[in-house]
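Novice: Sharing entry32.txt here; it has compact mmCIF, C-alpha atoms.
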```
# COMPACT_ATOMS: atom_id res chain seq x y z
CA MET A 1 -67.55 96.54 -277.36
CA MET A 2 -67.18 98.77 -274.33
CA LEU A 3 -67.87 102.36 -273.61
CA ASN A 4 -65.07 104.64 -272.56
CA ILE A 5 -66.05 107.16 -269.97
CA GLU A 6 -64.29 110.19 -268.64
CA VAL A 7 -65.72 112.39 -265.90
CA LEU A 8 -64.01 115.75 -265.56
CA SER A 9 -64.60 118.56 -263.12
CA PRO A 10 -62.68 121.82 -262.72
CA GLU A 11 -61.04 120.40 -259.60
CA ASN A 12 -59.87 117.05 -260.92
CA VAL A 13 -60.33 114.08 -263.20
CA VAL A 14 -63.00 112.27 -261.23
CA TYR A 15 -63.29 109.02 -263.13
CA ARG A 16 -61.76 107.47 -266.20
CA GLY A 17 -62.44 103.93 -267.34
CA GLU A 18 -64.49 101.47 -269.34
CA ALA A 19 -68.13 100.69 -268.88
CA ASP A 20 -70.94 98.54 -270.26
CA GLU A 21 -73.66 100.94 -269.39
CA VAL A 22 -73.87 104.50 -268.15
CA ILE A 23 -76.95 106.03 -266.58
CA ALA A 24 -76.96 109.80 -266.42
CA PRO A 25 -79.33 112.45 -265.05
CA THR A 26 -80.09 114.91 -267.84
CA SER A 27 -82.31 117.96 -267.88
CA ASN A 28 -84.92 115.87 -269.74
CA GLY A 29 -84.77 113.01 -267.25
CA GLN A 30 -82.58 110.00 -266.70
CA ILE A 31 -81.02 108.39 -269.74
CA ALA A 32 -79.11 105.14 -270.14
CA ILE A 33 -76.28 104.90 -272.63
CA PHE A 34 -75.12 101.62 -274.15
CA PRO A 35 -72.39 101.01 -276.71
CA HIS A 36 -73.18 102.17 -280.28
CA HIS A 37 -75.19 105.08 -278.96
CA VAL A 38 -75.79 107.87 -281.42
CA SER A 39 -73.63 111.00 -281.03
CA LEU A 40 -75.22 113.08 -278.37
CA LEU A 41 -74.69 116.31 -276.54
CA THR A 42 -76.85 117.02 -273.55
CA LYS A 43 -77.05 119.01 -270.37
CA ILE A 44 -76.87 117.07 -267.16
CA SER A 45 -78.62 118.19 -264.04
CA GLU A 46 -77.67 117.39 -260.47
CA GLY A 47 -78.04 113.75 -259.56
CA GLU A 48 -76.12 110.54 -259.64
CA LEU A 49 -74.22 109.17 -262.55
CA ILE A 50 -74.12 105.38 -262.56
CA VAL A 51 -71.34 103.58 -264.37
CA LYS A 52 -71.78 99.83 -264.76
CA SER A 53 -68.99 97.63 -265.96
CA GLY A 54 -69.38 93.86 -265.51
CA LYS A 55 -70.59 93.30 -261.99
CA GLN A 56 -69.09 96.49 -260.70
CA THR A 57 -71.12 99.64 -260.34
CA GLN A 58 -69.75 103.08 -259.65
CA TYR A 59 -71.85 105.91 -258.33
CA ILE A 60 -70.75 109.45 -258.99
CA ALA A 61 -72.56 112.50 -257.68
CA VAL A 62 -72.63 115.24 -260.31
CA MET A 63 -73.80 118.82 -260.29
CA ASP A 64 -74.79 120.62 -263.50
CA GLY A 65 -72.70 120.18 -266.60
CA PHE A 66 -72.56 118.60 -270.01
CA LEU A 67 -72.38 115.10 -271.38
CA GLN A 68 -71.09 114.18 -274.79
CA VAL A 69 -71.25 110.80 -276.49
CA ARG A 70 -69.16 110.25 -279.57
CA LYS A 71 -68.14 106.89 -280.98
CA ASP A 72 -68.54 105.04 -277.69
CA PHE A 73 -66.57 107.71 -275.93
CA ILE A 74 -68.45 109.50 -273.20
CA THR A 75 -67.21 112.74 -271.74
CA VAL A 76 -68.89 114.25 -268.74
CA LEU A 77 -67.99 117.83 -267.93
CA ALA A 78 -69.48 118.55 -264.55
CA ASP A 79 -69.30 121.73 -262.50
CA TYR A 80 -68.74 119.46 -259.54
CA ALA A 81 -68.38 115.70 -259.32
CA ILE A 82 -67.34 113.24 -256.66
CA GLN A 83 -67.23 109.46 -256.48
CA SER A 84 -69.47 108.00 -253.83
CA GLU A 85 -66.54 106.35 -252.01
CA ASP A 86 -64.89 109.72 -251.64
CA ILE A 87 -67.89 111.36 -250.06
CA GLN A 88 -67.31 111.87 -246.39
CA MET A 89 -70.68 111.59 -244.76
CA HIS A 90 -69.88 113.55 -241.65
CA LYS A 91 -68.36 116.38 -243.67
CA ALA A 92 -71.36 116.54 -245.97
CA GLU A 93 -73.63 116.52 -242.93
CA GLU A 94 -71.68 119.37 -241.40
CA ALA A 95 -71.75 121.34 -244.62
CA LYS A 96 -75.48 120.85 -244.84
CA LYS A 97 -76.04 122.12 -241.31
CA ARG A 98 -73.75 125.07 -241.85
CA ALA A 99 -75.51 126.05 -245.05
CA GLU A 100 -78.94 125.69 -243.45
CA LYS A 101 -77.90 127.86 -240.55
CA LEU A 102 -76.53 130.53 -242.85
CA LEU A 103 -79.70 130.49 -244.89
CA GLU A 104 -81.71 131.20 -241.78
CA GLU A 105 -79.69 134.31 -241.01
CA ARG A 106 -80.96 136.10 -244.09
CA VAL A 107 -78.02 137.13 -246.22
CA GLY A 108 -77.57 139.17 -249.41
CA GLN A 109 -78.74 137.99 -252.80
CA LYS A 110 -75.32 136.93 -254.01
CA ASP A 111 -74.34 135.05 -250.86
CA PHE A 112 -77.70 133.42 -250.88
CA ALA A 113 -77.05 131.81 -254.26
CA ILE A 114 -73.66 130.52 -253.12
CA ILE A 115 -74.99 129.09 -249.88
CA GLU A 116 -77.94 127.53 -251.61
CA ALA A 117 -75.58 125.84 -254.07
CA ASP A 118 -73.54 124.55 -251.13
CA LEU A 119 -76.66 123.20 -249.51
CA ARG A 120 -77.80 121.49 -252.68
CA ARG A 121 -74.38 119.95 -253.10
CA SER A 122 -74.22 118.55 -249.59
CA LEU A 123 -77.75 117.17 -249.88
CA LEU A 124 -76.83 115.47 -253.14
CA GLU A 125 -73.68 114.00 -251.64
CA LEU A 126 -75.61 112.62 -248.71
CA LYS A 127 -78.25 111.14 -250.97
CA VAL A 128 -75.75 109.36 -253.20
CA ALA A 129 -73.65 108.11 -250.30
CA GLN A 130 -76.65 106.79 -248.38
CA LYS A 131 -78.03 105.05 -251.42
CA ARG A 132 -74.75 103.37 -252.09
CA ARG A 133 -74.57 102.13 -248.54
CA ARG A 134 -77.98 100.57 -248.86
CA VAL A 135 -76.99 98.86 -252.09
CA ALA A 136 -73.82 97.56 -250.49
CA SER A 137 -75.72 96.15 -247.48
CA ILE A 138 -78.23 94.38 -249.71
CA GLN A 139 -75.45 92.79 -251.72
CA HIS A 140 -73.80 91.50 -248.56
CA LYS A 141 -76.96 89.69 -247.51
CA MET B 142 -8.69 149.36 -239.73
CA ALA B 143 -11.53 151.29 -241.33
CA ASN B 144 -11.45 148.87 -244.22
CA THR B 145 -12.14 145.79 -242.15
CA VAL B 146 -15.07 147.48 -240.49
CA LEU B 147 -16.44 148.35 -243.91
CA LEU B 148 -16.04 144.78 -245.09
CA LYS B 149 -17.71 143.44 -242.02
CA ARG B 150 -20.65 145.71 -242.59
CA ARG B 151 -20.99 144.57 -246.18
CA ILE B 152 -20.91 140.92 -245.11
CA LYS B 153 -23.67 141.59 -242.65
CA THR B 154 -25.78 143.33 -245.30
CA SER B 155 -25.37 140.45 -247.73
CA ARG B 156 -26.32 138.03 -245.02
CA ASN B 157 -29.50 139.96 -244.28
CA VAL B 158 -30.38 140.10 -247.96
CA SER B 159 -29.88 136.38 -248.33
CA LYS B 160 -32.15 135.76 -245.36
CA THR B 161 -34.91 137.83 -246.92
CA THR B 162 -34.60 136.26 -250.35
CA ARG B 163 -34.55 132.81 -248.84
CA ALA B 164 -37.76 133.51 -246.96
CA MET B 165 -39.40 134.82 -250.14
CA GLN B 166 -38.25 131.74 -251.99
CA MET B 167 -39.89 129.51 -249.39
CA ILE B 168 -43.16 131.45 -249.57
CA ALA B 169 -43.20 131.29 -253.35
CA ALA B 170 -42.45 127.56 -253.24
CA SER B 171 -45.36 126.81 -250.95
CA LYS B 172 -47.73 128.96 -252.99
CA LEU B 173 -46.46 127.38 -256.16
CA LYS B 174 -47.28 123.91 -254.97
CA ARG B 175 -50.96 124.70 -254.53
CA ALA B 176 -51.09 126.73 -257.72
CA GLN B 177 -49.47 123.98 -259.73
CA GLU B 178 -51.97 121.43 -258.45
CA ALA B 179 -54.87 123.69 -259.30
CA VAL B 180 -53.58 124.43 -262.80
CA LEU B 181 -52.93 120.82 -263.69
CA ALA B 182 -56.23 119.65 -262.21
CA SER B 183 -58.45 121.99 -264.18
CA ARG B 184 -56.52 121.89 -267.44
CA PRO B 185 -58.15 118.71 -268.86
CA TYR B 186 -61.60 120.10 -268.08
CA VAL B 187 -60.98 123.41 -269.78
CA GLU B 188 -59.32 121.84 -272.80
CA LYS B 189 -62.17 119.42 -273.27
CA LEU B 190 -64.72 122.20 -272.88
CA GLY B 191 -62.86 124.21 -275.51
CA SER B 192 -62.77 121.39 -278.01
CA LEU B 193 -66.43 120.66 -277.36
CA CYS B 194 -67.32 124.27 -278.12
CA LYS B 195 -65.35 124.13 -281.34
CA GLU B 196 -66.95 120.87 -282.38
CA VAL B 197 -70.43 122.16 -281.73
CA GLY B 198 -69.60 125.49 -283.30
CA GLU B 199 -68.53 123.81 -286.51
CA LYS B 200 -71.82 121.98 -286.75
CA THR B 201 -74.05 124.95 -286.26
CA ASP B 202 -74.83 128.15 -288.02
CA VAL B 203 -72.46 130.83 -286.76
CA LEU B 204 -75.37 133.19 -286.51
CA SER B 205 -76.88 131.14 -283.74
CA HIS B 206 -74.70 132.75 -281.09
CA PRO B 207 -72.68 135.98 -281.05
CA TYR B 208 -69.68 134.19 -279.50
CA LEU B 209 -69.25 132.14 -282.67
CA LEU B 210 -69.66 134.90 -285.21
CA GLN B 211 -66.42 135.60 -287.04
CA LYS B 212 -66.24 139.31 -287.74
CA ASP B 213 -64.58 141.19 -290.52
CA THR B 214 -60.89 141.22 -289.70
CA LYS B 215 -60.26 144.56 -291.36
CA GLN B 216 -61.98 146.75 -288.84
CA ARG B 217 -60.00 145.49 -285.92
CA SER B 218 -60.83 146.78 -282.57
CA GLU B 219 -60.09 144.43 -279.80
CA LEU B 220 -60.25 144.19 -276.07
CA LEU B 221 -57.03 142.95 -274.55
CA PHE B 222 -56.78 141.68 -271.01
CA ILE B 223 -53.27 141.74 -269.62
CA LEU B 224 -52.58 139.54 -266.62
CA ALA B 225 -49.64 140.55 -264.49
CA PRO B 226 -48.52 140.02 -260.91
CA ASP B 227 -49.27 142.58 -258.20
CA LYS B 228 -45.80 142.29 -256.74
CA GLY B 229 -42.39 142.46 -258.35
CA LEU B 230 -39.24 140.46 -257.68
CA CYS B 231 -40.14 137.71 -260.08
CA GLY B 232 -37.31 137.79 -262.57
CA GLY B 233 -38.02 138.74 -266.16
CA LEU B 234 -41.73 137.99 -265.94
CA VAL B 235 -43.00 141.56 -266.05
CA SER B 236 -40.49 142.86 -268.59
CA ASN B 237 -41.31 139.96 -270.91
CA LEU B 238 -44.95 140.80 -270.57
CA VAL B 239 -44.39 144.47 -271.33
CA LYS B 240 -42.32 143.58 -274.38
CA THR B 241 -45.00 141.30 -275.78
CA TYR B 242 -47.65 143.87 -275.00
CA LEU B 243 -45.83 146.67 -276.80
CA GLU B 244 -45.34 144.54 -279.90
CA PHE B 245 -48.94 143.58 -279.80
CA SER B 246 -50.38 147.03 -279.27
CA LYS B 247 -48.47 148.39 -282.25
CA ALA B 248 -50.23 146.04 -284.63
CA SER B 249 -53.82 147.05 -284.11
CA TYR B 250 -56.21 149.27 -282.30
CA VAL B 251 -56.74 147.85 -278.85
CA LYS B 252 -58.61 148.72 -275.73
CA ILE B 253 -56.97 147.28 -272.67
CA VAL B 254 -57.90 146.00 -269.27
CA THR B 255 -55.10 145.47 -266.80
CA VAL B 256 -55.20 142.82 -264.14
CA GLY B 257 -52.33 143.23 -261.71
CA LYS B 258 -50.44 146.33 -260.56
CA LYS B 259 -47.18 145.68 -262.35
CA ILE B 260 -48.52 146.25 -265.84
CA GLU B 261 -50.28 149.50 -264.97
CA PRO B 262 -47.33 151.85 -265.58
CA ALA B 263 -46.67 150.34 -269.01
CA ALA B 264 -50.35 150.52 -269.85
CA ALA B 265 -50.53 154.16 -268.80
CA ARG B 266 -47.53 155.05 -270.97
CA SER B 267 -49.01 153.48 -274.09
CA GLN B 268 -51.58 155.21 -276.27
CA ASN B 269 -54.28 152.60 -275.83
CA GLU B 270 -57.53 153.28 -274.15
CA LEU B 271 -57.60 151.81 -270.67
CA VAL B 272 -61.02 150.38 -269.92
CA ALA B 273 -60.53 149.11 -266.40
CA SER B 274 -57.93 147.75 -264.06
CA PHE B 275 -58.19 145.03 -261.47
CA PRO B 276 -55.79 143.87 -258.81
CA PHE B 277 -54.43 140.38 -259.39
CA GLY B 278 -54.05 139.40 -255.76
CA THR B 279 -51.28 137.54 -254.02
CA SER B 280 -53.07 134.31 -253.26
CA LEU B 281 -54.59 131.63 -255.46
CA PRO B 282 -57.26 133.32 -257.62
CA THR B 283 -60.79 132.34 -256.66
CA PHE B 284 -63.50 131.73 -259.18
CA GLU B 285 -65.28 134.87 -257.96
CA ALA B 286 -62.33 136.90 -259.21
CA THR B 287 -63.44 136.24 -262.79
CA GLU B 288 -66.77 137.94 -262.20
CA GLY B 289 -65.63 141.48 -262.96
CA ILE B 290 -63.68 140.35 -265.99
CA ILE B 291 -66.63 138.42 -267.39
CA THR B 292 -68.93 141.41 -266.91
CA ILE B 293 -66.61 143.61 -268.94
CA ILE B 294 -66.19 140.99 -271.65
CA LYS B 295 -69.92 140.65 -272.03
CA ASP B 296 -70.53 144.38 -272.00
CA TYR B 297 -67.94 145.11 -274.69
CA TYR B 298 -68.43 142.07 -276.87
CA ILE B 299 -72.20 141.69 -276.87
CA ASN B 300 -72.74 145.42 -277.31
CA GLN B 301 -70.28 145.30 -280.19
CA LYS B 302 -67.86 147.82 -278.83
CA VAL B 303 -65.08 145.46 -279.87
CA GLU B 304 -64.71 142.77 -282.52
CA SER B 305 -62.64 140.35 -280.49
CA VAL B 306 -61.44 139.66 -276.97
CA LYS B 307 -57.93 138.47 -276.20
CA ILE B 308 -56.02 137.63 -273.07
CA LEU B 309 -52.31 138.13 -272.66
CA TYR B 310 -50.88 135.98 -269.89
CA HIS B 311 -48.06 133.70 -268.86
CA LYS B 312 -48.76 130.07 -269.59
CA PHE B 313 -47.31 127.77 -267.00
CA LEU B 314 -45.24 125.10 -268.73
CA GLY B 315 -43.05 124.15 -265.81
CA LEU B 316 -40.85 125.43 -263.06
CA PHE B 317 -38.32 126.93 -265.45
CA SER B 318 -40.53 127.80 -268.34
CA GLN B 319 -43.34 130.31 -268.52
CA VAL B 320 -44.36 131.60 -271.91
CA THR B 321 -46.21 134.79 -272.69
CA THR B 322 -49.26 133.67 -274.60
CA VAL B 323 -52.07 135.50 -276.34
CA LEU B 324 -55.35 133.64 -276.16
CA THR B 325 -58.15 134.67 -278.48
CA LEU B 326 -61.14 134.20 -276.26
CA LEU B 327 -63.87 135.55 -278.50
CA PRO B 328 -65.05 134.90 -281.11
CA ILE B 329 -64.38 131.23 -280.53
CA ASN B 330 -61.94 130.13 -283.17
CA LEU B 331 -63.47 127.60 -285.55
CA GLU B 332 -61.43 125.58 -287.97
CA LYS B 333 -63.74 125.35 -290.92
CA GLU B 334 -61.49 123.04 -292.95
CA ASN B 335 -62.07 120.29 -290.46
CA THR B 336 -65.28 119.02 -292.00
CA LYS B 337 -65.04 115.29 -291.57
CA HIS B 338 -67.42 115.10 -288.61
CA VAL B 339 -70.08 117.31 -290.10
CA SER B 340 -71.92 114.59 -291.96
CA GLU B 341 -72.29 112.53 -288.80
CA TYR B 342 -75.73 112.50 -287.24
CA GLN B 343 -75.78 114.29 -283.95
CA LEU B 344 -78.45 114.44 -281.33
CA PHE B 345 -78.94 117.37 -278.98
CA GLU B 346 -81.07 117.19 -275.90
CA PRO B 347 -83.10 119.24 -275.18
CA THR B 348 -82.15 121.32 -278.24
CA LEU B 349 -78.97 122.88 -279.47
CA GLN B 350 -80.42 126.36 -279.01
CA GLU B 351 -80.90 125.61 -275.37
CA ILE B 352 -77.52 124.02 -274.71
CA LEU B 353 -75.35 126.36 -276.72
CA PRO B 354 -75.56 129.51 -274.56
CA TYR B 355 -74.76 127.54 -271.42
CA LEU B 356 -71.90 125.74 -273.07
CA LEU B 357 -70.28 128.84 -274.50
CA GLU B 358 -70.71 130.91 -271.40
CA ARG B 359 -69.28 128.18 -269.24
CA TYR B 360 -66.34 127.96 -271.61
CA VAL B 361 -65.64 131.69 -271.44
CA GLU B 362 -65.76 131.67 -267.65
CA MET B 363 -63.55 128.64 -267.32
CA ALA B 364 -61.06 129.84 -269.92
CA VAL B 365 -60.66 133.14 -268.06
CA TYR B 366 -60.28 131.32 -264.77
CA GLN B 367 -57.72 128.97 -266.24
CA CYS B 368 -55.70 131.95 -267.51
CA LEU B 369 -55.73 133.43 -264.00
CA LEU B 370 -54.51 130.16 -262.53
CA GLU B 371 -51.81 129.70 -265.14
CA ASN B 372 -50.64 133.24 -264.62
CA PHE B 373 -50.54 132.84 -260.87
CA ALA B 374 -48.55 129.62 -261.08
CA SER B 375 -46.13 131.27 -263.52
CA GLU B 376 -45.65 134.21 -261.19
CA GLN B 377 -44.85 132.00 -258.23
CA ALA B 378 -42.51 129.77 -260.22
CA ALA B 379 -40.66 132.78 -261.63
CA ARG B 380 -40.38 134.35 -258.20
CA MET B 381 -39.13 131.17 -256.63
CA ILE B 382 -36.38 130.80 -259.24
CA ALA B 383 -35.47 134.49 -259.08
CA MET B 384 -35.20 134.37 -255.30
CA GLN B 385 -33.19 131.17 -255.43
CA ASN B 386 -30.72 132.87 -257.76
CA ALA B 387 -30.60 135.90 -255.48
CA THR B 388 -29.88 133.70 -252.46
CA ASP B 389 -27.12 131.91 -254.34
CA ASN B 390 -25.58 135.20 -255.45
CA ALA B 391 -25.70 136.55 -251.92
CA ARG B 392 -23.92 133.44 -250.69
CA ASP B 393 -21.19 133.88 -253.30
CA ILE B 394 -20.72 137.50 -252.29
CA ILE B 395 -20.56 136.57 -248.61
CA PHE B 396 -17.94 133.95 -249.40
CA GLU B 397 -15.76 136.37 -251.34
CA LEU B 398 -16.09 139.15 -248.81
CA THR B 399 -15.29 136.82 -245.93
CA LEU B 400 -12.20 135.63 -247.76
CA GLU B 401 -11.06 139.19 -248.30
CA TYR B 402 -11.84 140.13 -244.72
CA ASN B 403 -9.81 137.21 -243.37
CA LYS B 404 -6.90 138.05 -245.62
CA MET B 405 -6.94 141.63 -244.46
CA ARG B 406 -7.13 140.64 -240.83
CA GLN B 407 -4.26 138.18 -241.25
CA GLU B 408 -2.20 140.83 -242.99
CA LYS B 409 -2.78 143.23 -240.14
CA ILE B 410 -1.70 140.66 -237.56
CA THR B 411 1.39 139.77 -239.57
CA ASN B 412 2.30 143.40 -239.82
CA GLU B 413 1.89 143.89 -236.09
CA ILE B 414 4.08 140.87 -235.30
CA LEU B 415 6.63 142.17 -237.75
CA ASP B 416 6.62 145.54 -236.02
CA ILE B 417 7.04 143.99 -232.59
CA SER B 418 9.79 141.59 -233.62
CA SER B 419 11.74 144.22 -235.51
CA GLU B 420 11.43 146.47 -232.45
CA GLY B 421 12.89 143.64 -230.37
CA VAL B 422 15.74 143.09 -232.78
CA ASN B 423 16.52 146.81 -232.71
CA GLN B 424 16.67 146.79 -228.90
CA TYR B 425 19.17 143.91 -228.79
CA ALA B 426 21.33 145.36 -231.50
```
Starting from the file, lay out its structure as structure tokens.

Specialist:
Amino acid sequence: MMLNIEVLSPENVVYRGEADEVIAPTSNGQIAIFPHHVSLLTKISEGELIVKSGKQTQYIAVMDGFLQVRKDFITVLADYAIQSEDIQMHKAEEAKKRAEKLLEERVGQKDFAIIEADLRRSLLELKVAQKRRRVASIQHK
Amino acid sequence: MANTVLLKRRIKTSRNVSKTTRAMQMIAASKLKRAQEAVLASRPYVEKLGSLCKEVGEKTDVLSHPYLLQKDTKQRSELLFILAPDKGLCGGLVSNLVKTYLEFSKASYVKIVTVGKKIEPAAARSQNELVASFPFGTSLPTFEATEGIITIIKDYYINQKVESVKILYHKFLGLFSQVTTVLTLLPINLEKENTKHVSEYQLFEPTLQEILPYLLERYVEMAVYQCLLENFASEQAARMIAMQNATDNARDIIFELTLEYNKMRQEKITNEILDISSEGVNQYA
């Protein structure tokens, strides 16, 4: 018995596949989902979504959204999601610096929220990408 | 003589027209490509979000959120958003929209909000109360563009100035097919007959009361945004096809006029030769 998982964001279908275990960041803390999980609807907060199938592990950075489990079918609707392989470190770094700089030059309330969201996103991307690199290097040894 | 000059002028005009239409076709094609990608990319997300809302809505008490509450259908007063392009030259897109709108506005009492310049004259002519009008823009709609629309929806729906909110727009089915569609945004349509999942145990974390407002609001925002994207893609597709047809027509006209011009020129030359040769024959005789 496998889980089916689908990660959707407004920009694209981020991930679609089978999994043995899914670990998700929810507003109540991290949860792990195995097959035969009870039907569930929950809010996810920003963090990394881990999809394990066999020996393979996928890391997906997600911003706020929803997660639904129904009959071993998991749907993640995220405001923003990106697979760790697709994260471009230098771009995320640049985005982070840009956002930080903009935050320093005090801007209006509305812009502030947008820039802060940008900053949070780039920080998250960096975190997930760096973590994955570490995991990869450990596995190689 | 005067005739050939006239023809030449007409050929030149047609050629200029075809150049313009060709350029517009190219612009529409490049805009369409991005729009199409955006529409197709976000469609699964929005559809899933919609079905999730319905599923959850069916399981809960409709009183738990105003967006779910089905109101009495007899006292119909609705808020209709009409999405139209800002610019013309896109085939039958606008006239189709106006036709659908007029049919629709006959049926019930509606307040309208126009998005896009091209629907404004039709809206002004009709008897319906115009609440607001927005420009649609000529580039891919940004998510921020939904902000004004959402504010109005909330104001009118939550404060019970209207019983339902609908959006009239062109759904993008493909390059050659755009359909005028009316989407009932609020209240969220629940199919009560579909009761087979209800008995199933369902867990909500943290609680349904906490998730529901986020879920429904997100749905409304995304549904509006999706409509804007669909409408934009439809506009560009329609314009591209219309301009392609115009370019083809111009080419046909140029071809015919050139043919006629050449004939006329040839005739003139023949006549001149005839004159000269008959003159010569007369001299020898």

Novice: Within 9 Å of (-64.4, 112.5, -256.4), all atoms listed in the file: residues as a compact mmCIF listing (two decimals) with C-alpha atoms, keeping the file's coordinate frame?

Specialist:
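Final file, out08.txt:
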```txt
# COMPACT_ATOMS: atom_id res chain seq x y z
CA ASN A 12 -59.87 117.05 -260.92
CA VAL A 13 -60.33 114.08 -263.20
CA VAL A 14 -63.00 112.27 -261.23
CA TYR A 15 -63.29 109.02 -263.13
CA ILE A 60 -70.75 109.45 -258.99
CA ALA A 61 -72.56 112.50 -257.68
CA TYR A 80 -68.74 119.46 -259.54
CA ALA A 81 -68.38 115.70 -259.32
CA ILE A 82 -67.34 113.24 -256.66
CA GLN A 83 -67.23 109.46 -256.48
CA SER A 84 -69.47 108.00 -253.83
CA GLU A 85 -66.54 106.35 -252.01
CA ASP A 86 -64.89 109.72 -251.64
CA ILE A 87 -67.89 111.36 -250.06
```

Novice: What residues in chain A lie within 12 Å of chain B, counting all atoms listed in the file, written as a ChimeraX atom specification?

Specialist: /A:6-14,25-31,37-44,64-71,74-81,110-111,114

Novice: Just how far from CA of Lys172 in chain B is CA of Asp389 in chain B, in Å to one decimal?

Specialist: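 Those two atoms sit 20.9 Å apart.
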
Novice: Which one is closest to Ile5 in chain A: A:Lys55, A:Leu119, A:Ile33, A:Phe73? Count all atoms listed in the file.

Specialist: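 Distance minimum relative to Ile5 in chain A lands on A:Phe73.
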
Novice: I'd like the interatomic distance between CA of Lys240 in chain B and CA of Glu304 in chain B, to a tenth of an Å.

Specialist: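 Taking CA of Lys240 in chain B as the start and CA of Glu304 in chain B as the end point, the length is 23.8 Å.
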
Novice: Leaving out Gln88 in chain A and any residue of its chain fewer than 5 positions from it, which residues lie within 9 Å of it when counting only C-alpha atoms, given as a ChimeraX atom specification?

Specialist: /A:93,125-126,129

Novice: When you draw a straight line from CA of Leu370 in chain B to CA of Asp118 in chain A, how long is it in Å?

Specialist: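 Atom-to-atom, CA of Leu370 in chain B to CA of Asp118 in chain A, that is 22.9 Å.
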
Novice: Give me the residues near Tyr242 in chain B as a PDB file with C-alpha atoms, in the frame of the given file, where near means some atom within 9 Å (using all atoms listed in the file) and where sequence neighbours in that chain fewer than 5 positions away do not count.

Specialist:
```pdb
ATOM      1  CA  ILE B 223     -53.270 141.740-269.620  1.00  0.00           C
ATOM      2  CA  ASN B 237     -41.310 139.960-270.910  1.00  0.00           C
ATOM      3  CA  LYS B 247     -48.470 148.390-282.250  1.00  0.00           C
ATOM      4  CA  ALA B 263     -46.670 150.340-269.010  1.00  0.00           C
ATOM      5  CA  ALA B 264     -50.350 150.520-269.850  1.00  0.00           C
ATOM      6  CA  LEU B 309     -52.310 138.130-272.660  1.00  0.00           C
TER       7      LEU B 309
END
```

Novice: Would you kindly return, as a list in words, each protein, DNA or RNA residue with an atom no farther than 10 Å from any atom of Arg120 in chain A, considering all atoms listed in the file and excluding same-chain residues fewer than 4 positions away?

Specialist: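 In the requested format, the answer is Glu46, Met63, Lys96, Ala99, Ile114, Ile115, Glu116, Leu124, Glu125 and Leu126 of chain A.
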
Novice: Store the residues picked out above, limited to C-alpha atoms, as a PDB file, in the frame of the given file.

Specialist:
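So result.pdb came out as:
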```
ATOM      1  CA  GLU A  46     -77.670 117.390-260.470  1.00  0.00           C
ATOM      2  CA  MET A  63     -73.800 118.820-260.290  1.00  0.00           C
ATOM      3  CA  LYS A  96     -75.480 120.850-244.840  1.00  0.00           C
ATOM      4  CA  ALA A  99     -75.510 126.050-245.050  1.00  0.00           C
ATOM      5  CA  ILE A 114     -73.660 130.520-253.120  1.00  0.00           C
ATOM      6  CA  ILE A 115     -74.990 129.090-249.880  1.00  0.00           C
ATOM      7  CA  GLU A 116     -77.940 127.530-251.610  1.00  0.00           C
ATOM      8  CA  LEU A 124     -76.830 115.470-253.140  1.00  0.00           C
ATOM      9  CA  GLU A 125     -73.680 114.000-251.640  1.00  0.00           C
ATOM     10  CA  LEU A 126     -75.610 112.620-248.710  1.00  0.00           C
TER      11      LEU A 126
END
```

Novice: Which residues, protein or nucleic acid, reach to within 12 Å of (-76.0, 100.0, -252.8) in the file's coordinates when using all atoms listed in the file, and can you give that as a PyMOL selection string?

Specialist: chain A and resi 50+56-59+84-85+127-141

Novice: Write a file of the just-selected residues containing C-alpha atoms, as a CSV table (one decimal), in the frame of the given file.

Specialist:
```
chain,number,residue,atom,x,y,z
A,50,ILE,CA,-74.1,105.4,-262.6
A,56,GLN,CA,-69.1,96.5,-260.7
A,57,THR,CA,-71.1,99.6,-260.3
A,58,GLN,CA,-69.8,103.1,-259.6
A,59,TYR,CA,-71.8,105.9,-258.3
A,84,SER,CA,-69.5,108.0,-253.8
A,85,GLU,CA,-66.5,106.4,-252.0
A,127,LYS,CA,-78.2,111.1,-251.0
A,128,VAL,CA,-75.8,109.4,-253.2
A,129,ALA,CA,-73.6,108.1,-250.3
A,130,GLN,CA,-76.6,106.8,-248.4
A,131,LYS,CA,-78.0,105.0,-251.4
A,132,ARG,CA,-74.8,103.4,-252.1
A,133,ARG,CA,-74.6,102.1,-248.5
A,134,ARG,CA,-78.0,100.6,-248.9
A,135,VAL,CA,-77.0,98.9,-252.1
A,136,ALA,CA,-73.8,97.6,-250.5
A,137,SER,CA,-75.7,96.2,-247.5
A,138,ILE,CA,-78.2,94.4,-249.7
A,139,GLN,CA,-75.4,92.8,-251.7
A,140,HIS,CA,-73.8,91.5,-248.6
A,141,LYS,CA,-77.0,89.7,-247.5
```
